[in-house]
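final.txt (compact mmCIF, C-alpha atoms (C1' of nucleotides)) appears below.
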# COMPACT_ATOMS: atom_id res chain seq x y z
CA MET A 30 -5.59 4.33 -5.92
CA PHE A 31 -5.41 3.26 -2.27
CA ILE A 32 -4.40 -0.39 -1.99
CA SER A 33 -2.57 -2.73 0.38
CA THR A 34 -2.44 -2.36 4.15
CA TYR A 35 0.05 -0.62 6.43
CA GLU A 36 0.43 -0.84 10.19
CA ASN A 37 1.64 2.33 11.93
CA LYS A 38 1.78 3.66 15.47
CA LEU A 39 -0.15 6.39 17.23
CA ASP A 40 2.22 8.52 19.33
CA LYS A 41 1.23 10.03 22.63
CA LYS A 42 0.23 13.25 20.93
CA GLY A 43 -2.34 11.33 18.91
CA ARG A 44 -0.40 11.63 15.68
CA VAL A 45 0.09 8.92 13.08
CA SER A 46 1.99 8.80 9.79
CA VAL A 47 -0.22 8.33 6.77
CA PRO A 48 1.51 5.77 4.51
CA ALA A 49 3.66 7.55 1.95
CA SER A 50 1.93 5.88 -0.99
CA TYR A 51 -1.47 7.12 0.24
CA ARG A 52 -0.07 10.60 0.72
CA SER A 53 1.31 10.78 -2.78
CA GLN A 54 -2.08 9.70 -4.11
CA ILE A 55 -3.78 12.46 -2.13
CA ASN A 56 -1.30 15.04 -3.39
CA LYS A 57 -1.75 13.82 -6.94
CA ASP A 58 -5.46 14.55 -6.56
CA GLY A 59 -4.51 18.07 -5.52
CA PHE A 60 -5.39 17.96 -1.83
CA ASP A 61 -3.30 18.86 1.22
CA SER A 62 -5.78 17.42 3.69
CA ILE A 63 -8.12 14.47 4.08
CA ILE A 64 -11.67 13.94 5.30
CA CYS A 65 -12.53 11.25 7.82
CA TYR A 66 -15.69 10.01 9.50
CA PRO A 67 -16.89 6.94 11.38
CA SER A 68 -18.18 4.06 9.28
CA PHE A 69 -21.97 3.62 9.45
CA THR A 70 -21.79 -0.09 9.86
CA LEU A 71 -18.31 -1.13 10.96
CA PRO A 72 -15.91 -0.26 13.78
CA THR A 73 -13.58 1.63 11.45
CA ILE A 74 -12.74 5.17 10.39
CA GLU A 75 -13.32 6.03 6.74
CA PHE A 76 -10.97 8.37 4.88
CA CYS A 77 -11.71 10.07 1.58
CA PRO A 78 -10.76 13.17 -0.39
CA GLN A 79 -12.89 16.28 -0.01
CA SER A 80 -14.32 15.75 -3.49
CA ARG A 81 -15.78 12.43 -2.45
CA LEU A 82 -17.43 13.80 0.65
CA ASP A 83 -19.17 16.30 -1.61
CA LYS A 84 -20.54 13.42 -3.68
CA ILE A 85 -21.69 11.45 -0.64
CA ILE A 86 -23.53 14.43 0.76
CA GLU A 87 -25.17 14.92 -2.59
CA ALA A 88 -26.19 11.25 -2.71
CA ILE A 89 -27.78 11.54 0.71
CA ASP A 90 -29.52 14.71 -0.32
CA ASN A 91 -31.06 12.88 -3.24
CA LEU A 92 -32.65 10.23 -1.05
CA ASN A 93 -36.38 10.46 -0.58
CA PRO A 94 -36.96 13.22 2.01
CA PHE A 95 -39.28 10.84 3.87
CA ASP A 96 -36.74 8.04 3.97
CA GLU A 97 -35.88 7.62 7.61
CA ASN A 98 -32.33 6.72 6.64
CA ARG A 99 -31.82 10.15 5.21
CA ASP A 100 -31.46 11.92 8.52
CA ILE A 101 -29.36 9.16 9.93
CA PHE A 102 -26.94 9.28 7.03
CA ALA A 103 -26.91 13.05 6.89
CA THR A 104 -26.04 13.32 10.55
CA SER A 105 -23.63 10.47 10.47
CA VAL A 106 -21.68 11.92 7.58
CA ALA A 107 -21.86 15.68 7.80
CA ALA A 108 -21.80 16.17 11.56
CA ASN A 109 -19.22 13.50 12.22
CA SER A 110 -16.78 14.33 9.44
CA HIS A 111 -13.45 15.92 10.22
CA LYS A 112 -10.86 17.54 8.03
CA LEU A 113 -7.33 16.54 8.97
CA ASN A 114 -4.24 18.48 7.88
CA PHE A 115 -0.84 16.89 7.35
CA ASP A 116 2.14 18.12 9.31
CA SER A 117 5.49 18.51 7.54
CA GLU A 118 6.28 14.82 8.18
CA GLY A 119 3.05 13.56 6.66
CA ARG A 120 1.23 12.85 9.90
CA VAL A 121 -2.31 13.68 10.95
CA THR A 122 -3.61 14.18 14.47
CA MET A 123 -6.52 11.86 15.11
CA VAL A 124 -9.79 12.88 16.73
CA HIS A 125 -10.30 11.04 19.98
CA LYS A 126 -13.96 10.30 19.37
CA LEU A 127 -13.18 8.54 16.11
CA LEU A 128 -10.44 6.45 17.66
CA LYS A 129 -12.95 5.32 20.24
CA HIS A 130 -15.45 4.37 17.54
CA ALA A 131 -12.85 2.13 15.93
CA ASN A 132 -11.51 0.82 19.21
CA ILE A 133 -8.00 2.00 18.41
CA ASN A 134 -5.35 2.23 21.10
CA SER A 135 -1.76 2.43 19.94
CA LYS A 136 -1.50 0.48 16.68
CA VAL A 137 -3.46 1.49 13.62
CA LEU A 138 -3.95 -0.43 10.40
CA PHE A 139 -4.47 1.50 7.19
CA VAL A 140 -6.59 -0.53 4.77
CA GLY A 141 -6.82 0.43 1.10
CA GLN A 142 -10.31 0.43 -0.44
CA GLY A 143 -9.50 1.70 -3.93
CA LYS A 144 -10.80 5.23 -4.03
CA THR A 145 -10.85 5.52 -0.25
CA PHE A 146 -9.13 3.92 2.70
CA GLN A 147 -9.95 2.94 6.26
CA MET A 148 -8.23 2.95 9.63
CA TRP A 149 -8.73 -0.13 11.82
CA ASP A 150 -7.57 -1.59 15.05
CA PRO A 151 -5.31 -4.37 13.71
CA SER A 152 -6.89 -7.26 15.57
CA ASN A 153 -10.40 -6.03 14.82
CA PHE A 154 -9.56 -5.97 11.16
CA LYS A 155 -8.20 -9.48 11.16
CA ARG A 156 -11.55 -10.74 12.34
CA PHE A 157 -13.52 -8.68 9.85
CA SER A 158 -11.34 -9.55 6.86
CA LEU A 159 -11.73 -13.28 7.45
CA SER A 160 -15.48 -13.08 7.17
CA ALA A 161 -15.27 -10.53 4.34
CA GLN A 162 -13.08 -12.91 2.38
CA LYS A 163 -15.57 -15.73 2.73
CA LYS A 164 -18.50 -13.59 1.67
CA ALA A 165 -16.55 -12.12 -1.21
CA ASN A 166 -15.74 -15.59 -2.52
CA LEU A 167 -19.43 -16.41 -2.59
CA LYS A 168 -20.46 -13.20 -4.28
CA ARG A 169 -17.53 -12.52 -6.56
CA ALA A 170 -19.19 -13.91 -9.67
CA GLU A 171 -22.03 -11.48 -9.14
CA LEU A 172 -19.74 -8.46 -9.20
CA LYS A 173 -18.00 -9.64 -12.32
CA TRP A 174 -21.26 -9.97 -14.11
CA LYS A 175 -22.26 -6.46 -13.16
CA SER A 176 -18.96 -4.94 -14.20
CA GLU A 177 -19.28 -6.46 -17.63
CA ASN A 178 -22.60 -4.81 -18.25
CA MET B 202 1.21 -12.05 -23.72
CA PHE B 203 2.81 -13.81 -20.75
CA ILE B 204 3.85 -17.35 -21.73
CA SER B 205 6.29 -20.05 -20.65
CA THR B 206 7.76 -20.49 -17.17
CA TYR B 207 10.94 -19.14 -15.58
CA GLU B 208 12.63 -20.06 -12.34
CA ASN B 209 14.48 -17.23 -10.56
CA LYS B 210 15.92 -16.59 -7.12
CA LEU B 211 14.81 -14.39 -4.27
CA ASP B 212 17.81 -12.57 -2.78
CA LYS B 213 18.14 -11.83 0.90
CA LYS B 214 16.61 -8.39 0.40
CA GLY B 215 13.44 -10.05 -0.92
CA ARG B 216 14.07 -9.01 -4.52
CA VAL B 217 13.55 -11.13 -7.61
CA SER B 218 14.12 -10.48 -11.30
CA VAL B 219 10.95 -10.47 -13.35
CA PRO B 220 11.66 -12.44 -16.57
CA ALA B 221 12.74 -10.09 -19.32
CA SER B 222 10.02 -11.21 -21.68
CA TYR B 223 7.35 -10.40 -19.08
CA ARG B 224 8.94 -7.02 -18.43
CA SER B 225 8.95 -6.06 -22.07
CA GLN B 226 5.27 -6.97 -22.26
CA ILE B 227 4.52 -4.79 -19.26
CA ASN B 228 6.50 -1.89 -20.70
CA LYS B 229 4.72 -2.28 -24.01
CA ASP B 230 1.45 -1.78 -22.15
CA GLY B 231 2.89 1.46 -20.78
CA PHE B 232 3.38 0.48 -17.14
CA ASP B 233 6.43 0.78 -14.91
CA SER B 234 4.91 -1.31 -12.16
CA ILE B 235 2.74 -4.39 -11.64
CA ILE B 236 -0.12 -5.34 -9.35
CA CYS B 237 -0.09 -8.57 -7.37
CA TYR B 238 -2.42 -10.29 -4.93
CA PRO B 239 -2.91 -13.70 -3.36
CA SER B 240 -4.91 -16.19 -5.39
CA PHE B 241 -8.36 -16.76 -3.90
CA THR B 242 -8.17 -20.48 -4.34
CA LEU B 243 -4.55 -21.55 -4.81
CA PRO B 244 -1.25 -21.12 -2.98
CA THR B 245 0.12 -18.75 -5.61
CA ILE B 246 0.56 -15.02 -6.21
CA GLU B 247 -1.33 -13.54 -9.15
CA PHE B 248 0.13 -10.68 -11.22
CA CYS B 249 -1.83 -8.37 -13.46
CA PRO B 250 -1.44 -4.92 -15.01
CA GLN B 251 -2.71 -1.84 -13.18
CA SER B 252 -5.46 -1.41 -15.76
CA ARG B 253 -7.09 -4.64 -14.70
CA LEU B 254 -7.28 -3.59 -11.07
CA ASP B 255 -8.60 -0.18 -12.10
CA LYS B 256 -11.56 -1.83 -13.81
CA ILE B 257 -12.42 -3.95 -10.80
CA ILE B 258 -12.16 -0.99 -8.42
CA GLU B 259 -14.37 1.01 -10.74
CA ALA B 260 -17.01 -1.72 -10.63
CA ILE B 261 -16.90 -1.75 -6.84
CA ASP B 262 -17.04 2.01 -6.69
CA ASN B 263 -20.24 2.00 -8.71
CA LEU B 264 -22.03 -0.01 -6.05
CA ASN B 265 -24.31 1.92 -3.74
CA PRO B 266 -22.17 3.58 -1.06
CA PHE B 267 -24.45 2.14 1.61
CA ASP B 268 -24.34 -1.40 0.22
CA GLU B 269 -22.54 -3.72 2.61
CA ASN B 270 -21.15 -5.71 -0.32
CA ARG B 271 -19.14 -2.68 -1.17
CA ASP B 272 -16.99 -2.94 1.94
CA ILE B 273 -16.60 -6.65 1.47
CA PHE B 274 -15.44 -6.46 -2.12
CA ALA B 275 -13.26 -3.43 -1.54
CA THR B 276 -11.49 -5.16 1.32
CA SER B 277 -11.06 -8.44 -0.48
CA VAL B 278 -9.67 -6.79 -3.61
CA ALA B 279 -7.98 -3.50 -2.71
CA ALA B 280 -6.60 -4.37 0.71
CA ASN B 281 -4.97 -7.55 -0.59
CA SER B 282 -3.47 -6.00 -3.71
CA HIS B 283 0.02 -4.56 -3.82
CA LYS B 284 1.77 -2.38 -6.36
CA LEU B 285 5.34 -3.40 -7.05
CA ASN B 286 7.80 -1.05 -8.75
CA PHE B 287 10.68 -2.28 -10.86
CA ASP B 288 14.19 -1.24 -9.91
CA SER B 289 16.64 -0.28 -12.64
CA GLU B 290 17.61 -3.95 -13.07
CA GLY B 291 14.03 -5.11 -13.58
CA ARG B 292 13.53 -6.57 -10.12
CA VAL B 293 10.64 -6.21 -7.71
CA THR B 294 10.69 -6.50 -3.92
CA MET B 295 8.15 -9.06 -2.79
CA VAL B 296 5.74 -8.55 0.09
CA HIS B 297 6.41 -11.02 2.88
CA LYS B 298 2.75 -11.83 3.44
CA LEU B 299 2.29 -12.89 -0.16
CA LEU B 300 5.39 -15.08 -0.13
CA LYS B 301 3.96 -16.81 2.89
CA HIS B 302 0.63 -17.35 1.14
CA ALA B 303 2.43 -19.06 -1.74
CA ASN B 304 4.86 -20.91 0.52
CA ILE B 305 7.86 -19.39 -1.25
CA ASN B 306 11.31 -19.48 0.31
CA SER B 307 14.21 -18.87 -2.03
CA LYS B 308 13.23 -20.13 -5.49
CA VAL B 309 10.28 -18.71 -7.39
CA LEU B 310 8.60 -20.02 -10.50
CA PHE B 311 6.97 -17.55 -12.88
CA VAL B 312 4.07 -19.16 -14.75
CA GLY B 313 2.60 -17.38 -17.78
CA GLN B 314 -1.20 -17.26 -17.98
CA GLY B 315 -1.69 -15.19 -21.10
CA LYS B 316 -2.91 -11.81 -19.91
CA THR B 317 -1.62 -12.42 -16.40
CA PHE B 318 1.01 -14.53 -14.73
CA GLN B 319 1.57 -16.28 -11.42
CA MET B 320 4.42 -16.80 -9.00
CA TRP B 321 4.72 -20.25 -7.43
CA ASP B 322 6.99 -22.15 -5.16
CA PRO B 323 8.53 -24.52 -7.75
CA SER B 324 7.80 -27.78 -5.95
CA ASN B 325 4.31 -26.65 -5.02
CA PHE B 326 3.60 -25.95 -8.63
CA LYS B 327 4.71 -29.37 -9.70
CA ARG B 328 2.28 -30.95 -7.29
CA PHE B 329 -0.65 -28.71 -8.16
CA SER B 330 -0.15 -28.92 -11.88
CA LEU B 331 -0.01 -32.71 -11.72
CA SER B 332 -3.29 -32.93 -9.90
CA ALA B 333 -4.76 -30.33 -12.24
CA GLN B 334 -3.63 -32.51 -15.12
CA LYS B 335 -5.34 -35.54 -13.63
CA LYS B 336 -8.56 -33.65 -13.17
CA ALA B 337 -8.35 -32.39 -16.72
CA ASN B 338 -7.83 -35.94 -17.98
CA LEU B 339 -10.80 -37.17 -16.03
CA LYS B 340 -12.96 -34.44 -17.42
CA ARG B 341 -11.68 -34.98 -20.90
CA ALA B 342 -12.58 -38.64 -20.68
CA GLU B 343 -15.96 -37.68 -19.40
CA LEU B 344 -16.40 -35.16 -22.18
CA LYS B 345 -15.40 -37.74 -24.75
CA TRP B 346 -17.77 -40.23 -23.30
CA LYS B 347 -20.60 -37.74 -23.46
CA SER B 348 -19.85 -36.69 -26.99
CA GLU B 349 -19.88 -40.28 -28.11
CA ASN B 350 -23.38 -40.74 -26.85
C1' DC C 90 33.59 -16.81 -30.34
C1' DC C 91 32.46 -12.31 -29.31
C1' DT C 92 28.80 -9.00 -28.11
C1' DT C 93 24.66 -7.97 -25.76
C1' DT C 94 21.20 -8.92 -22.73
C1' DT C 95 19.83 -10.81 -18.44
C1' DA C 96 20.18 -12.29 -13.58
C1' DT C 97 22.28 -11.59 -9.19
C1' DG C 98 24.96 -9.49 -5.32
C1' DG C 99 25.99 -5.79 -2.33
C1' DG C 100 27.45 -1.02 -0.92
C1' DA C 101 25.86 3.83 -0.94
C1' DT C 102 22.06 6.96 -0.66
C1' DA C 103 17.45 8.65 -0.05
C1' DT C 104 12.97 8.13 1.92
C1' DC C 105 9.98 7.04 5.60
C1' DA C 106 8.13 6.40 10.25
C1' DT C 107 8.70 8.00 14.78
C1' DG C 108 9.96 10.76 18.89
C1' DG C 109 10.27 14.96 21.21
C1' DG C 110 11.50 19.97 22.09
C1' DA C 111 10.32 24.71 20.91
C1' DT C 112 7.13 27.99 19.25
C1' DA C 113 2.73 29.79 17.95
C1' DA C 114 -2.41 29.93 18.06
C1' DC C 115 -6.34 29.57 20.84
C1' DA C 116 -9.83 29.72 24.35
C1' DT C 117 -11.06 30.91 29.11
C1' DG C 118 -11.36 33.30 33.32
C1' DG C 119 -9.97 37.14 35.81
C1' DC D 123 -7.02 43.56 27.93
C1' DC D 124 -3.92 40.55 30.09
C1' DA D 125 -2.53 36.09 32.26
C1' DT D 126 -2.58 31.24 31.85
C1' DG D 127 -3.13 26.76 30.57
C1' DT D 128 -4.14 23.93 26.63
C1' DT D 129 -3.71 22.43 22.10
C1' DA D 130 -1.90 22.44 17.70
C1' DT D 131 2.34 23.55 14.50
C1' DC D 132 6.71 23.65 13.30
C1' DC D 133 11.21 21.95 13.37
C1' DC D 134 15.06 18.85 13.92
C1' DA D 135 17.09 14.19 15.19
C1' DT D 136 17.38 9.28 14.53
C1' DG D 137 16.87 4.47 13.24
C1' DA D 138 14.91 1.50 9.99
C1' DT D 139 13.80 0.45 5.44
C1' DA D 140 13.62 0.82 0.60
C1' DT D 141 15.71 2.52 -3.58
C1' DC D 142 19.52 3.68 -6.52
C1' DC D 143 23.68 2.52 -8.59
C1' DC D 144 27.65 -0.08 -9.91
C1' DA D 145 30.02 -4.64 -10.38
C1' DT D 146 30.13 -9.24 -11.92
C1' DA D 147 28.45 -13.67 -13.53
C1' DA D 148 25.62 -16.30 -16.45
C1' DA D 149 23.02 -16.90 -20.56
C1' DA D 150 21.44 -15.85 -25.11
C1' DG D 151 22.06 -14.48 -29.77
C1' DG D 152 24.49 -13.26 -33.87
Represent the structure of the file as structure tokens.
Amino acid sequence: MFISTYENKLDKKGRVSVPASYRSQINKDGFDSIICYPSFTLPTIEFCPQSRLDKIIEAIDNLNPFDENRDIFATSVAANSHKLNFDSEGRVTMVHKLLKHANINSKVLFVGQGKTFQMWDPSNFKRFSLSAQKKANLKRAELKWKSEN
Amino acid sequence: MFISTYENKLDKKGRVSVPASYRSQINKDGFDSIICYPSFTLPTIEFCPQSRLDKIIEAIDNLNPFDENRDIFATSVAANSHKLNFDSEGRVTMVHKLLKHANINSKVLFVGQGKTFQMWDPSNFKRFSLSAQKKANLKRAELKWKSEN
DNA sequence: CCTTTTATGGGATATCATGGGATAACATGG
DNA sequence: CCATGTTATCCCATGATATCCCATAAAAGG
């Protein structure tokens, strides 16, 4: 389970420590690397285990072949995904293109999303989370209802 | 079952003893840690067992991966939740951000809520519970009035 | 009372995040 | 096939932080 948020620094080699609690979760799932790709809709980098990427690709594959979103998703996910290996200190080296997508310079904010996590520019996230919180408050009841059924 | 209230102290390392009766309840449920997050509506910190968060995350995970609500819920729930481990004396180290949300300085008030519990600033709680009591009285009067008609 | 559990304080130790040098892998052009 | 520059790995050092462990005080229970 990836929860909470952690702010870490990018060094000049483009490396950043993945929070220890995230790392131990990844190891527990039996992986020594992590998949990342740009979010479709937000200025953030998505991180997930290999197993989840497999599922996402399958979900896209199951879309109607004539759905115009299919190609967009397929390209966005498969072509833009990267596998990052951990060094012996638990860091990964970030891909420059992805950092640019998320507008990240020197500080990075890891944001837990349950089964996945994201990497944000800290000030960008602050803005997003404010509006997310408001929307979530409005729609929370809806989720509850669904989860009970 | 978490019942009654207990007032304990935060030490200068940010640690606080979880009341023994709460701890034994948590252990009985088979957990060696506890999840906490800011209340959506009140200046208090909510505590619940891991299993409760797991269910919510599962519900979110079952949403369509391309649904924008998914990001919103995931952020509002997962990013704001923290897992706290007990030390060998039954204390947890509090997250500064949460203390700020609840306006807690040195004294903390544990408030049992049945299946969950809360952590309040003692004087804040007094104020909020008084006004809650007034509202309850008003509604009770109203209820009575209705039932008599 | 006396014993046991609980709450609190603080020093010692381990873990984590970060920086940077040294080495190895790689691609490219001659 | 070699030379060279680039990039990615590996390794060690260090400061900050969190965790472990022991000591003591306060409270609860028999």
(request) When you get a sec, could you note down which chain A residues fall within 8 Å of chain C, using all atoms listed in the file, as a PyMOL selection string? (result) chain A and resi 37+40+46+49
(message) Quick check: residues of chain A within 8 Å of chain B, all atoms listed in the file, returned as a count of residues only.
(response) 20
(request) Just give me the gap between CA of Ser135 in chain A and CA of Glu36 in chain A in Å, one decimal is fine. (result) 10.5 Å
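The interface of chain A with chain D at 10 Å, considering only C-alpha atoms (C1' of nucleotides), consists of Lys42, Asp116, Ser117 and Thr122 of chain A.
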Store the residues of this selection in a file with C-alpha atoms, as a PDB file, keeping the file's coordinate frame.
ATOM      1  CA  LYS A  42       0.230  13.250  20.930  1.00  0.00           C
ATOM      2  CA  ASP A 116       2.140  18.120   9.310  1.00  0.00           C
ATOM      3  CA  SER A 117       5.490  18.510   7.540  1.00  0.00           C
ATOM      4  CA  THR A 122      -3.610  14.180  14.470  1.00  0.00           C
TER       5      THR A 122
END
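Between CA of Phe248 in chain B and CA of Gln319 in chain B there is a distance of 5.8 Å.
The two identical-sequence chains, chain B and chain A, differ by a C-alpha RMSD of 4.3 Å after optimal least-squares superposition.
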